[in-house]
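Pasted below: upload_33.txt, compact mmCIF, C-alpha atoms.
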# COMPACT_ATOMS: atom_id res chain seq x y z
CA MET U 15 0.00 0.00 0.00
CA PRO U 16 1.52 3.35 -1.02
CA ILE U 17 2.46 5.76 1.73
CA SER U 18 0.58 8.95 1.09
CA ILE U 19 2.33 12.29 1.48
CA GLU U 20 -0.23 15.05 1.76
CA PRO U 21 0.78 18.32 0.10
CA MET U 22 0.80 20.09 3.45
CA GLU U 23 3.46 17.68 4.67
CA PHE U 24 6.17 18.85 2.29
CA PRO U 25 8.69 20.58 4.53
CA ASP U 26 10.43 23.85 3.70
CA VAL U 27 13.77 22.13 3.17
CA VAL U 28 15.68 25.22 2.07
CA THR U 29 14.89 27.10 5.28
CA MET U 30 15.75 23.99 7.30
CA ALA U 31 19.11 23.79 5.53
CA ILE U 32 20.22 27.37 6.27
CA PRO U 33 22.04 26.54 9.56
CA ALA U 34 23.87 23.74 7.70
CA PHE U 35 24.82 26.21 4.94
CA VAL U 36 26.36 28.56 7.52
CA GLY U 37 28.15 25.70 9.30
CA LEU U 38 29.59 24.33 6.06
CA ILE U 39 30.78 27.79 4.98
CA LEU U 40 32.66 28.15 8.26
CA ILE U 41 34.15 24.66 7.85
CA GLU U 42 35.23 25.48 4.28
CA MET U 43 36.89 28.69 5.48
CA ALA U 44 38.79 26.75 8.12
CA ALA U 45 39.81 24.18 5.51
CA TRP U 46 40.98 27.00 3.23
CA ARG U 47 43.28 28.33 5.95
CA LEU U 48 44.51 24.89 6.93
CA THR U 49 45.06 23.38 3.48
CA GLY U 50 45.45 26.41 1.21
CA LYS U 51 42.79 24.99 -1.12
CA GLY U 52 40.03 27.32 -2.23
CA ASP U 53 39.88 31.04 -1.59
CA TYR U 54 37.81 33.66 0.20
CA GLU U 55 37.58 37.43 -0.04
CA SER U 56 35.46 39.10 2.65
CA ARG U 57 33.67 41.68 0.53
CA ASP U 58 32.98 39.13 -2.17
CA SER U 59 31.49 36.80 0.43
CA ALA U 60 29.46 39.63 1.95
CA ALA U 61 28.08 40.49 -1.49
CA SER U 62 27.20 36.86 -2.18
CA LEU U 63 25.42 36.45 1.15
CA VAL U 64 23.50 39.71 0.75
CA MET U 65 22.44 38.56 -2.72
CA GLY U 66 21.29 35.29 -1.15
CA LEU U 67 19.26 37.11 1.48
CA GLY U 68 17.81 39.39 -1.17
CA SER U 69 16.80 36.41 -3.27
CA GLN U 70 14.67 35.22 -0.34
CA ILE U 71 13.11 38.65 0.18
CA ALA U 72 12.57 39.73 -3.45
CA PRO U 73 9.82 37.19 -4.25
CA MET U 74 7.73 38.66 -1.42
CA PHE U 75 7.23 41.73 -3.59
CA GLY U 76 4.79 39.84 -5.77
CA GLY U 77 6.90 37.30 -7.61
CA ALA U 78 6.12 34.43 -5.26
CA ALA U 79 2.39 35.14 -5.36
CA VAL U 80 2.36 35.29 -9.16
CA ALA U 81 4.50 32.15 -9.48
CA THR U 82 2.29 30.26 -7.03
CA ALA U 83 -0.83 31.40 -8.84
CA ILE U 84 0.63 30.22 -12.15
CA LEU U 85 1.51 26.81 -10.77
CA PHE U 86 -1.88 26.31 -9.10
CA ALA U 87 -3.68 27.52 -12.23
CA ALA U 88 -1.73 25.00 -14.33
CA TYR U 89 -2.45 22.30 -11.76
CA GLU U 90 -6.18 23.01 -12.08
CA TYR U 91 -5.95 21.83 -15.70
CA ARG U 92 -3.73 18.82 -14.93
CA LEU U 93 -3.68 15.97 -17.38
CA PHE U 94 -3.18 13.20 -14.83
CA GLU U 95 -4.07 12.56 -11.20
CA ILE U 96 -0.61 11.96 -9.77
CA PRO U 97 -0.68 10.80 -6.14
CA ASN U 98 1.64 12.24 -3.54
CA VAL U 99 3.63 9.08 -2.86
CA TRP U 100 7.37 8.45 -2.58
CA TRP U 101 7.87 7.21 -6.14
CA THR U 102 6.05 10.16 -7.67
CA VAL U 103 8.26 12.44 -5.58
CA ALA U 104 11.30 10.63 -7.02
CA LEU U 105 9.87 10.90 -10.55
CA CYS U 106 9.08 14.56 -9.98
CA PHE U 107 12.65 15.14 -8.77
CA MET U 108 14.06 13.56 -11.96
CA LEU U 109 11.75 15.53 -14.25
CA ASP U 110 12.40 18.72 -12.32
CA ASP U 111 16.13 18.13 -12.69
CA LEU U 112 15.64 17.81 -16.46
CA ARG U 113 13.52 20.96 -16.33
CA TYR U 114 16.35 22.63 -14.43
CA TYR U 115 18.91 21.62 -17.08
CA TRP U 116 16.95 23.32 -19.86
CA PHE U 117 16.00 26.37 -17.86
CA HIS U 118 19.63 26.74 -16.79
CA ARG U 119 20.87 26.27 -20.35
CA ILE U 120 18.49 28.88 -21.71
CA SER U 121 19.52 31.14 -18.84
CA HIS U 122 23.00 31.13 -20.38
CA GLU U 123 21.99 31.21 -24.03
CA ARG U 124 19.35 33.97 -24.03
CA ARG U 125 20.09 37.40 -22.64
CA TRP U 126 16.64 37.98 -21.10
CA PHE U 127 17.18 34.96 -18.85
CA TRP U 128 20.90 35.64 -18.45
CA ALA U 129 20.04 39.04 -16.96
CA SER U 130 18.71 37.17 -13.92
CA HIS U 131 21.20 34.33 -13.86
CA VAL U 132 24.36 36.40 -14.39
CA ILE U 133 24.19 37.32 -10.71
CA HIS U 134 25.11 33.77 -9.71
CA HIS U 135 28.20 33.87 -11.94
CA SER U 136 29.33 37.37 -11.08
CA SER U 137 31.85 36.42 -8.40
CA GLN U 138 35.46 35.81 -9.38
CA HIS U 139 35.67 33.46 -6.41
CA TYR U 140 34.29 29.95 -6.18
CA ASN U 141 33.33 28.85 -2.71
CA LEU U 142 30.22 27.94 -0.76
CA THR U 143 29.14 31.57 -0.45
CA THR U 144 29.03 31.73 -4.26
CA ALA U 145 26.28 29.09 -4.13
CA LEU U 146 24.12 31.60 -2.26
CA ARG U 147 24.75 34.46 -4.71
CA GLN U 148 21.32 34.22 -6.29
CA THR U 149 19.07 36.29 -8.53
CA TRP U 150 16.46 38.70 -7.25
CA THR U 151 14.49 38.70 -10.49
CA GLY U 152 14.09 35.12 -11.63
CA THR U 153 11.03 33.77 -9.83
CA ILE U 154 8.25 34.42 -12.28
CA MET U 155 10.07 33.32 -15.42
CA ALA U 156 11.22 30.10 -13.79
CA ALA U 157 7.69 29.21 -12.77
CA LEU U 158 5.84 30.49 -15.78
CA ILE U 159 7.77 28.85 -18.55
CA PHE U 160 9.45 25.84 -17.03
CA LYS U 161 7.70 24.63 -13.89
CA ALA U 162 4.15 25.09 -15.11
CA PRO U 163 4.31 22.11 -17.53
CA LEU U 164 5.07 19.80 -14.60
CA ALA U 165 2.04 21.13 -12.73
CA LEU U 166 0.04 20.68 -15.91
CA LEU U 167 1.15 17.06 -15.98
CA GLY U 168 -0.31 16.62 -12.51
CA PHE U 169 2.52 17.11 -10.03
CA HIS U 170 1.26 19.12 -7.08
CA PRO U 171 2.74 22.64 -6.89
CA LEU U 172 3.95 22.04 -3.34
CA MET U 173 5.73 18.88 -4.49
CA LEU U 174 7.39 20.99 -7.20
CA VAL U 175 8.55 23.52 -4.63
CA PHE U 176 9.82 20.67 -2.45
CA VAL U 177 11.89 18.95 -5.15
CA GLY U 178 13.14 22.34 -6.37
CA GLY U 179 14.37 22.94 -2.83
CA LEU U 180 16.14 19.58 -2.75
CA ASN U 181 17.82 20.43 -6.04
CA LEU U 182 18.97 23.79 -4.66
CA ILE U 183 20.35 22.14 -1.51
CA TYR U 184 22.23 19.54 -3.58
CA GLN U 185 23.82 22.31 -5.62
CA PHE U 186 25.13 24.08 -2.53
CA TRP U 187 27.97 21.70 -1.71
CA ILE U 188 29.32 21.52 -5.27
CA HIS U 189 30.44 25.17 -5.12
CA THR U 190 33.85 24.39 -3.69
CA GLU U 191 37.47 24.04 -4.76
CA ILE U 192 38.29 21.92 -1.74
CA ILE U 193 36.82 18.69 -3.08
CA ASP U 194 38.68 17.08 -5.96
CA ARG U 195 37.24 14.47 -8.35
CA LEU U 196 35.00 11.81 -6.87
CA GLY U 197 35.60 8.69 -8.97
CA PRO U 198 32.57 6.89 -10.42
CA PHE U 199 30.27 9.42 -8.72
CA GLU U 200 31.38 11.81 -11.49
CA TRP U 201 29.74 9.65 -14.15
CA VAL U 202 26.19 10.28 -13.04
CA MET U 203 26.10 13.08 -10.52
CA ASN U 204 26.95 16.74 -10.77
CA THR U 205 30.07 17.30 -8.67
CA PRO U 206 32.38 20.13 -7.58
CA SER U 207 34.69 19.30 -10.50
CA HIS U 208 31.89 19.45 -13.08
CA HIS U 209 30.47 22.63 -11.62
CA ARG U 210 33.86 24.38 -11.45
CA VAL U 211 33.90 24.00 -15.23
CA HIS U 212 30.44 25.54 -15.41
CA HIS U 213 31.58 28.63 -13.48
CA ALA U 214 34.79 29.05 -15.45
CA THR U 215 35.37 31.75 -18.05
CA ASN U 216 38.20 29.94 -19.83
CA PRO U 217 36.98 29.70 -23.43
CA ARG U 218 37.33 25.91 -23.46
CA TYR U 219 34.90 25.72 -20.53
CA LEU U 220 32.27 28.24 -21.65
CA ASP U 221 28.63 27.12 -21.90
CA ALA U 222 29.13 23.69 -20.39
CA ASN U 223 27.82 21.51 -17.55
CA TYR U 224 24.37 23.00 -16.97
CA ALA U 225 23.25 20.13 -14.75
CA GLY U 226 21.64 20.63 -11.37
CA THR U 227 21.88 17.23 -9.74
CA LEU U 228 22.47 14.71 -12.52
CA ILE U 229 25.31 15.31 -15.00
CA ILE U 230 23.70 12.77 -17.33
CA TRP U 231 21.69 15.56 -18.96
CA ASP U 232 24.89 17.27 -20.16
CA ARG U 233 26.26 13.97 -21.38
CA MET U 234 22.99 13.31 -23.23
CA PHE U 235 22.63 16.76 -24.79
CA GLY U 236 26.29 17.30 -25.72
CA THR U 237 27.21 20.06 -23.27
CA PHE U 238 29.49 18.05 -20.97
CA VAL U 239 33.10 19.25 -20.62
CA PRO U 240 35.40 17.61 -18.06
CA GLU U 241 37.72 19.63 -15.87
CA ASP U 242 41.22 19.61 -17.34
CA LYS U 243 43.94 19.48 -14.70
CA LYS U 244 46.21 21.36 -17.10
CA GLU U 245 43.90 24.37 -17.22
CA ALA U 246 42.62 25.67 -13.90
CA PRO U 247 39.21 27.31 -14.09
CA ARG U 248 39.13 31.09 -13.77
CA TYR U 249 35.80 32.12 -12.37
CA GLY U 250 33.45 34.98 -13.03
CA ILE U 251 31.94 36.36 -16.21
CA VAL U 252 33.66 37.34 -19.42
CA LYS U 253 33.34 41.05 -18.50
CA ASN U 254 33.81 40.88 -14.77
CA LEU U 255 31.96 43.28 -12.52
CA GLY U 256 33.92 46.04 -10.87
CA THR U 257 31.69 46.31 -7.83
CA PHE U 258 30.40 44.59 -4.71
CA ASN U 259 27.30 46.83 -4.60
CA PRO U 260 24.32 44.43 -4.39
CA LEU U 261 22.04 46.70 -6.41
CA ARG U 262 24.54 46.90 -9.24
CA ILE U 263 25.09 43.16 -9.08
CA ALA U 264 21.34 42.51 -9.21
CA PHE U 265 20.40 44.90 -11.98
CA HIS U 266 23.46 45.64 -14.13
CA GLU U 267 22.44 43.39 -17.00
CA TRP U 268 18.83 44.60 -16.90
CA LEU U 269 20.15 48.14 -17.11
CA GLY U 270 22.34 47.09 -20.03
CA ILE U 271 19.31 45.64 -21.82
CA PHE U 272 17.33 48.80 -21.16
CA ARG U 273 20.09 51.00 -22.59
CA ASP U 274 20.37 48.81 -25.67
CA LEU U 275 16.61 48.82 -26.22
CA VAL U 276 16.49 52.61 -26.03
CA ARG U 277 19.05 52.71 -28.83
CA SER U 278 17.38 49.99 -30.93
CA ARG U 279 16.29 50.95 -34.42
CA SER U 280 14.40 47.85 -35.59
CA VAL U 281 12.42 44.86 -34.38
CA ARG U 282 15.44 42.71 -35.23
CA GLU U 283 17.59 44.72 -32.84
CA VAL U 284 14.96 44.56 -30.08
CA LEU U 285 14.76 40.78 -30.46
CA GLY U 286 18.53 40.43 -30.68
CA TYR U 287 19.18 42.50 -27.57
CA THR U 288 16.61 40.58 -25.52
CA MET U 289 16.44 37.06 -26.91
CA GLY U 290 19.81 36.83 -28.64
CA PRO U 291 22.79 35.30 -26.87
CA PRO U 292 24.49 37.46 -24.24
CA GLY U 293 26.97 39.70 -26.07
CA TRP U 294 24.84 39.93 -29.22
CA SER U 295 25.04 43.25 -31.09
CA PRO U 296 23.69 44.29 -34.50
CA ASP U 297 27.14 45.00 -35.92
CA GLY U 298 28.81 42.02 -34.26
CA SER U 299 31.20 44.31 -32.37
CA ARG U 300 30.56 42.63 -29.00
CA MET U 301 31.64 39.16 -28.02
CA THR U 302 29.24 36.24 -27.60
CA SER U 303 30.56 33.03 -26.07
CA ALA U 304 30.57 31.45 -29.55
CA LYS U 305 32.86 34.24 -30.77
CA LEU U 306 35.07 33.93 -27.71
CA LYS U 307 35.53 30.23 -28.39
CA GLU U 308 36.20 30.93 -32.05
CA ARG U 309 38.87 33.50 -31.12
CA TRP U 310 40.42 31.09 -28.65
CA ARG U 311 40.55 28.28 -31.22
CA ALA U 312 42.12 30.58 -33.82
CA LEU U 313 44.77 31.84 -31.38
CA GLU U 314 45.56 28.31 -30.15
CA ALA U 315 45.88 27.07 -33.73
CA GLU U 316 48.19 29.99 -34.51
CA LYS U 317 50.35 29.17 -31.47
CA MET U 318 50.54 25.51 -32.43
CA ASN U 319 51.48 26.35 -36.00
CA VAL U 320 54.25 28.65 -34.80
CA MET U 321 55.53 25.89 -32.50
CA ALA U 322 55.30 23.35 -35.31
CA SER U 323 57.13 25.55 -37.80
CA GLU U 324 59.85 26.28 -35.22
CA SER U 325 60.33 22.56 -34.65
CA GLY U 326 59.92 21.67 -38.33
CA GLY U 327 56.76 19.58 -37.80
CA ALA U 328 53.31 19.61 -39.42
CA PRO U 329 50.72 22.23 -38.34
CA SER U 330 48.29 21.06 -35.67
CA PRO U 331 44.49 21.25 -35.88
CA ALA U 332 42.64 23.78 -33.74
CA PRO U 333 41.63 22.55 -30.27
CA GLN U 334 38.01 21.66 -29.54
CA PRO U 335 36.35 23.04 -26.44
CA ALA U 336 33.91 20.21 -25.76
CA GLU U 337 33.81 16.44 -26.02
CA MET X 183 12.54 30.29 10.14
CA THR X 184 10.68 31.74 13.15
CA GLY X 185 7.56 32.87 11.34
CA ASN X 186 8.32 36.47 12.29
CA LEU X 187 9.64 38.30 9.25
CA ILE X 188 11.53 40.98 11.16
CA LEU X 189 13.14 38.44 13.49
CA ASP X 190 14.08 36.25 10.51
CA LEU X 191 15.69 39.25 8.85
CA VAL X 192 17.65 40.14 12.00
CA ILE X 193 18.88 36.52 12.35
CA SER X 194 19.88 36.40 8.66
CA VAL X 195 21.78 39.67 8.80
CA GLY X 196 23.43 38.48 12.03
CA GLY X 197 24.50 35.28 10.26
CA ILE X 198 25.98 37.26 7.39
CA VAL X 199 27.89 39.51 9.80
CA VAL X 200 29.30 36.47 11.63
CA VAL X 201 30.43 34.73 8.42
CA VAL X 202 32.03 37.89 7.02
CA ALA X 203 33.72 38.65 10.36
CA VAL X 204 35.15 35.13 10.52
CA SER X 205 36.40 35.41 6.92
CA TRP X 206 38.01 38.74 7.80
CA ALA X 207 39.65 37.27 10.88
CA LEU X 208 41.00 34.43 8.76
CA GLY X 209 42.67 36.86 6.39
CA ALA X 210 40.10 37.15 3.63
CA GLY X 211 40.05 40.93 3.94
CA ARG X 212 43.53 41.27 2.53
CA LEU X 213 44.19 43.81 -0.17
CA SER X 214 47.39 44.31 -2.06
CA PRO X 215 48.35 46.71 -4.81
CA MET X 216 48.25 45.34 -8.34
CA SER X 217 51.55 44.90 -10.15
CA GLU X 218 52.02 45.62 -13.84
CA ALA X 219 52.70 41.93 -14.41
CA GLU X 220 49.34 41.04 -12.84
CA ALA X 221 47.55 43.59 -15.03
CA ILE X 222 49.24 42.23 -18.15
CA GLU X 223 48.48 38.63 -17.18
CA ARG X 224 44.79 39.40 -16.62
CA ALA X 225 44.61 41.37 -19.87
CA ALA X 226 46.14 38.42 -21.73
CA PHE X 227 43.47 36.11 -20.31
CA ASP X 228 40.48 38.41 -20.89
CA GLU X 229 41.61 39.87 -24.22
CA PRO X 230 44.23 37.54 -25.73
CA ASP X 231 44.23 39.42 -29.04
CA PHE X 232 44.92 42.77 -27.39
CA GLY X 233 48.22 43.75 -28.93
CA PRO X 234 51.50 44.38 -27.15
CA ALA X 235 50.97 47.50 -25.14
CA LYS X 236 52.67 50.27 -23.29
CA TRP X 237 51.38 50.30 -19.72
CA LEU X 238 50.81 52.92 -17.08
CA LEU X 239 50.32 51.48 -13.61
CA GLY X 240 48.55 53.81 -11.20
CA GLU X 241 50.70 54.98 -8.31
CA ASP X 242 48.28 53.42 -5.79
CA GLY X 243 48.31 50.08 -7.62
CA ARG X 244 44.52 50.11 -7.93
CA ALA X 245 44.38 50.29 -11.72
CA ALA X 246 46.46 50.30 -14.87
CA VAL X 247 45.94 51.28 -18.48
CA GLY X 248 47.59 49.79 -21.53
CA ILE X 249 47.64 51.21 -25.02
CA ALA X 250 48.44 49.00 -27.99
CA ASP X 251 50.31 49.96 -31.12
CA ASP X 252 47.03 50.12 -33.06
CA GLY X 253 45.61 52.63 -30.55
CA GLU X 254 43.32 50.21 -28.73
CA SER X 255 43.39 50.58 -24.97
CA LEU X 256 42.53 48.46 -21.98
CA ILE X 257 42.09 49.23 -18.33
CA ALA X 258 42.72 46.68 -15.60
CA PHE X 259 41.44 47.47 -12.12
CA ARG X 260 41.27 45.84 -8.73
CA VAL X 261 37.97 44.29 -7.59
CA GLY X 262 38.73 43.08 -4.08
CA ASP X 263 41.70 40.75 -4.51
CA ARG X 264 40.89 40.09 -8.16
CA ILE X 265 41.22 42.12 -11.37
CA ALA X 266 38.67 43.09 -14.01
CA THR X 267 39.31 44.65 -17.40
CA ARG X 268 37.58 46.76 -20.02
CA ARG X 269 38.80 47.23 -23.58
CA PHE X 270 38.25 50.27 -25.78
CA ALA X 271 38.48 50.88 -29.52
CA PRO X 272 41.33 53.09 -30.81
CA ARG X 273 41.06 56.62 -29.44
CA ALA X 274 37.64 55.85 -27.98
CA ALA X 275 38.41 55.40 -24.29
CA PRO X 276 35.92 57.33 -22.13
CA VAL X 277 38.68 59.16 -20.30
CA SER X 278 39.20 62.51 -18.65
CA VAL X 279 42.04 64.01 -16.61
CA GLU X 280 41.14 64.88 -13.05
CA GLY X 281 43.85 66.11 -10.71
CA GLY X 282 46.74 64.14 -12.10
CA ALA X 283 44.70 61.00 -12.65
CA LEU X 284 43.18 59.44 -15.72
CA VAL X 285 39.54 58.74 -14.93
CA PHE X 286 37.72 56.22 -17.09
CA ARG X 287 33.94 55.99 -17.06
CA PRO X 288 32.97 52.90 -19.07
CA ALA X 289 29.46 52.88 -20.47
CA ASP X 290 28.52 49.44 -19.23
CA PRO X 291 26.66 49.33 -15.92
CA GLY X 292 28.90 46.62 -14.47
CA ALA X 293 32.01 48.77 -14.44
CA PRO X 294 32.75 51.59 -12.01
CA ALA X 295 34.66 54.78 -12.73
CA VAL X 296 38.31 53.75 -12.74
CA SER X 297 41.09 56.10 -11.74
CA VAL X 298 44.69 55.57 -12.83
CA ARG X 299 46.96 57.93 -10.92
CA ALA X 300 49.72 59.21 -13.16
CA GLY X 301 52.90 60.88 -11.89
CA ASP X 302 51.56 64.36 -12.62
CA THR X 303 48.95 66.22 -14.63
CA GLY X 304 51.26 66.54 -17.62
CA GLU X 305 51.78 62.80 -17.85
CA ALA X 306 48.05 62.18 -17.39
CA SER X 307 47.21 64.66 -20.14
CA ALA X 308 49.72 63.08 -22.51
CA TRP X 309 48.15 59.67 -21.94
CA ALA X 310 44.62 61.05 -22.27
CA ALA X 311 45.50 62.59 -25.62
CA LYS X 312 46.51 59.17 -26.92
CA LEU X 313 43.56 57.31 -25.42
CA GLY X 314 40.44 59.32 -26.07
Just give me the structure as structure tokens.
Amino acid sequence: MPISIEPMEFPDVVTMAIPAFVGLILIEMAAWRLTGKGDYESRDSAASLVMGLGSQIAPMFGGAAVATAILFAAYEYRLFEIPNVWWTVALCFMLDDLRYYWFHRISHERRWFWASHVIHHSSQHYNLTTALRQTWTGTIMAALIFKAPLALLGFHPLMLVFVGGLNLIYQFWIHTEIIDRLGPFEWVMNTPSHHRVHHATNPRYLDANYAGTLIIWDRMFGTFVPEDKKEAPRYGIVKNLGTFNPLRIAFHEWLGIFRDLVRSRSVREVLGYTMGPPGWSPDGSRMTSAKLKERWRALEAEKMNVMASESGGAPSPAPQPAE
Amino acid sequence: MTGNLILDLVISVGGIVVVVAVSWALGAGRLSPMSEAEAIERAAFDEPDFGPAKWLLGEDGRAAVGIADDGESLIAFRVGDRIATRRFAPRAAPVSVEGGALVFRPADPGAPAVSVRAGDTGEASAWAAKLG
């Protein structure tokens, strides 16, 4: 007989995990001082934690209510009656993780979504406080476009919030440089090594490893790139922020979009500036990640050819950024 | 956490203060001036096709500016213990001279005004003439 889990019984796992987050951050700091692995900078950490606090407060200004309304409205028109039992929670977790992969991928590939997500990548450090550097403006989009289909399928909105919370908690511990590779665990699960690649700005690592919990999605959809011991990740964004001001961190890309839209002269430009890849410009004068990779490949090929001609060998092919 | 929004906020802010204070006590508040070599290394990573440049490192080590043979320029500036850069087209750097310093005001909202302290106003003006 299935064990029923009533919707009201889903705990607020993220809130419950906050003391553990703080404890683990303090442990990581101690490990940093003792082992020299990882790195902390006080103002960077302060900015990340304030962004995390803000991300909990911002939805109270209407975003949470709208997102909840959307999910419950979708659930009203559900296609299936899915019971609240352990195996549906597990199924929901898997599907939500797949949902997360695509939402996360689009958050990197389309500027409108990047404007929210860039906040999480805006630190040049990579430690457990970076995990808490979260958007203030992402709630509605996440629910509207990506979570609603799961509610429409018949997963209860509170179950969706619950599994989303589990996913968020899982992703906390992978934001560290202290943990090296984890053997066979790396094949299936997202790990610190995989996620370091995701946060790196080295051209060979750009736009890779979008997974939340399961790295299998990246392996399936061709976006998996392993960490290369020969090239340490350098974290941040391709045009790093010059500020720790939380308001600037939260809204700089939105302000950039606004400025570009004011200058737009056609529908094409409006669409490009909002739904094009980050770095899109009508005249191609700015750098998208595709262009950055192209430049990197050209420069690497040039270097290799110079080395080959100096040693009298054959020219080498350009390197490839992904598997 | 407690059900009381104000109390939750006070606890959260208290937690942030504790974590930041511990990080500070452990040495994460360190700041050191940037060297020219660091500026050049960061520029080479961010803009690998930025040509060989002549550099001016600010006297306070907070920022540096490089100008390439083709007139392109690049500023590198401290952000905490890291460095960020911005690149400008030939003779298009948004620069002015203010009290012996070159002050750059990039258009993008993620970059602050960056001041590169030159030796004197004359040197700053000579650089500004080449940059903007």
With a cut-off of 9 Å and counting only C-alpha atoms, select all residues of chain X in contact with chain U and give the selection as a short mmCIF file (atom, residue, chain, number, x, y, z; two decimals) with C-alpha atoms, in the frame of the given file.
data_model
loop_
_atom_site.label_atom_id
_atom_site.label_comp_id
_atom_site.auth_asym_id
_atom_site.auth_seq_id
_atom_site.Cartn_x
_atom_site.Cartn_y
_atom_site.Cartn_z
CA MET X 183 12.54 30.29 10.14
CA LEU X 191 15.69 39.25 8.85
CA SER X 194 19.88 36.40 8.66
CA VAL X 195 21.78 39.67 8.80
CA GLY X 197 24.50 35.28 10.26
CA ILE X 198 25.98 37.26 7.39
CA VAL X 199 27.89 39.51 9.80
CA VAL X 201 30.43 34.73 8.42
CA VAL X 202 32.03 37.89 7.02
CA ALA X 203 33.72 38.65 10.36
CA VAL X 204 35.15 35.13 10.52
CA SER X 205 36.40 35.41 6.92
CA TRP X 206 38.01 38.74 7.80
CA LEU X 208 41.00 34.43 8.76
CA GLY X 209 42.67 36.86 6.39
CA ALA X 210 40.10 37.15 3.63
CA GLY X 211 40.05 40.93 3.94
CA ARG X 212 43.53 41.27 2.53
CA PHE X 227 43.47 36.11 -20.31
CA ASP X 228 40.48 38.41 -20.89
CA PRO X 230 44.23 37.54 -25.73
CA ASP X 231 44.23 39.42 -29.04
CA PHE X 259 41.44 47.47 -12.12
CA ARG X 260 41.27 45.84 -8.73
CA VAL X 261 37.97 44.29 -7.59
CA GLY X 262 38.73 43.08 -4.08
CA ASP X 263 41.70 40.75 -4.51
CA ARG X 264 40.89 40.09 -8.16
CA ILE X 265 41.22 42.12 -11.37
CA ALA X 266 38.67 43.09 -14.01
CA THR X 267 39.31 44.65 -17.40
CA ARG X 268 37.58 46.76 -20.02
CA ASP X 290 28.52 49.44 -19.23
CA PRO X 291 26.66 49.33 -15.92
CA GLY X 292 28.90 46.62 -14.47
CA ALA X 293 32.01 48.77 -14.44
CA PRO X 294 32.75 51.59 -12.01
CA ALA X 295 34.66 54.78 -12.73
#
Box time for segment 114-133 of chain U: axis-aligned, enclosing all its listed atoms, 4 Å extra on each side; report centre and edge lengths in Å to one decimal, as AutoDock Vina command-line options.
--center_x 20.2 --center_y 30.3 --center_z -17.4 --size_x 16.4 --size_y 25.4 --size_z 21.3
Could you please give me, as a ChimeraX atom specification, the residues of protein, DNA or RNA lying at most 12 Å from (30.4, 21.8, -16.2) in the coordinate frame of the file, considering all atoms listed in the file?
-> /U:115,118-119,188-189,200,203-216,218-233,236-242,247,335-337
Contacts of Ala300 of chain X at 7 Å or less, counting all atoms listed in the file, minus same-chain residues fewer than 6 places along, as a ChimeraX atom specification?
-> /X:240-241,282-283,306
Take atom CA of Asp242 of chain X and atom CA of Ala274 of chain X and report the distance between them in Å, one decimal.
-> 24.7 Å
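Minimum atom-to-atom distance to Arg269 of chain X, evaluated using only C-alpha atoms, belongs to X:Glu229 out of X:Glu229, X:Asp190, X:Glu305, X:Asp251.
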If you measure from atom CA of Leu187 of chain X to atom CA of His135 of chain U, what distance in Å do you get, rounded to one decimal?
-> 28.5 Å
With a distance cut-off of 8 Å and only C-alpha atoms, select the neighbouring residues of Gly52 of chain U, excluding the residue or stretch itself and same-chain residues fewer than 2 positions from it, and output the selection as a PyMOL selection string.
-> chain U and resi 46+50+54+140-141+190-192
Writer output for current selection, C-alpha atoms, as a PDB file, in the frame of the given file:
ATOM      1  CA  TRP U  46      40.980  27.000   3.230  1.00  0.00           C
ATOM      2  CA  GLY U  50      45.450  26.410   1.210  1.00  0.00           C
ATOM      3  CA  TYR U  54      37.810  33.660   0.200  1.00  0.00           C
ATOM      4  CA  TYR U 140      34.290  29.950  -6.180  1.00  0.00           C
ATOM      5  CA  ASN U 141      33.330  28.850  -2.710  1.00  0.00           C
ATOM      6  CA  THR U 190      33.850  24.390  -3.690  1.00  0.00           C
ATOM      7  CA  GLU U 191      37.470  24.040  -4.760  1.00  0.00           C
ATOM      8  CA  ILE U 192      38.290  21.920  -1.740  1.00  0.00           C
TER       9      ILE U 192
END
The distance between atom CA of Glu218 of chain X and atom CA of Leu238 of chain X is 8.1 Å
Smallest atom-to-atom distance to Val285 of chain X: which of X:Ala245, X:Pro272, X:Lys312, X:Asn186, using only C-alpha atoms?
-> X:Ala245
Residue contacts of segment 158-175 of chain U (10 Å, all atoms listed in the file) excluding same-chain residues fewer than 5 positions away, as number ranges by chain = U: 19-28, 80-98, 102-103, 105-107, 109-110, 113-114, 116-117, 153, 180-181
Phe270 of chain X: which residues within 12 Å, counting all atoms listed in the file, same-chain residues fewer than 4 positions away excluded, as a list in words?
->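 These residues fall inside the cut-off: Ser299 and Arg300 of chain U; Glu229, Phe232, Val247, Gly248, Ile249, Ala250, Asp252, Gly253, Glu254, Ser255, Leu256, Ile257, Ala258, Ala274, Ala275, Pro276, Val277, Phe286, Arg287, Pro288, Ala289, Asp290, Leu313 and Gly314 of chain X.
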Leaving out Gly304 of chain X and any residue of its chain fewer than 3 positions from it, which residues lie within 12 Å of it when counting all atoms listed in the file, given as a list in words?
-> Val279, Glu280, Gly281, Gly282, Ala283, Leu284, Arg299, Ala300, Gly301, Ser307, Ala308, Trp309, Ala310 and Ala311 of chain X
